[in-house]
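Note sheet for the following structure.
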Amino acid sequence: MFGNRDDDRPPLQRALEAESSLRPGTWEAVEALALLAVECKGTPDAERLHRSASRTAAGLKAGSYESVRALAWLSRAARELGSAPG
């Protein structure tokens, strides 16, 4: 169900490794990157992930359920990381 059952690496490490396989230019990628940024707060990856989510979101047309979810996560990530007012 979740890949290799013998994979005992922490879920966050596995998520960071899976990040490169996200479909670029999608609201799903924005949401996943923003959520990862929140989870990585306090690490060097957090700001990189947030910037990537922001760049991706800037090129997408809002107006769908997926865009609302992704933009809400992006806003939360900015607030959590202190990058912008929430």
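Residues are named by chain letter and number: chains run A, B, ... in the order of the structure tokens, numbers start at 1 in each chain, and ligands are numbered from 1 in the order shown.
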Practice prompt. Do a neighbour search on segment 46-61 of chain A at 6 Å with only C-alpha atoms, toss out local chain neighbours closer than 5 positions, and write the hits as a PyMOL selection string.
Written response: chain A and resi 25+30+33-34+37+40-41
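In terms of minimum interatomic distance to Thr26 of chain A, A:Glu66 ranks closest within A:Glu66, A:Arg14, A:Asp45, A:Asp7, counting only C-alpha atoms.
Take the candidates A:Gly82, A:Gly63, A:Ser20, A:Leu12 and check each one against Leu35 of chain A using only C-alpha atoms; the shortest distance goes to A:Leu12.
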Discussion item. Considering only helix (DSSP H, G or I) as DSSP defines it on the backbone, what residues of chain A qualify? List them as a count of residues only.
Written reply: 56
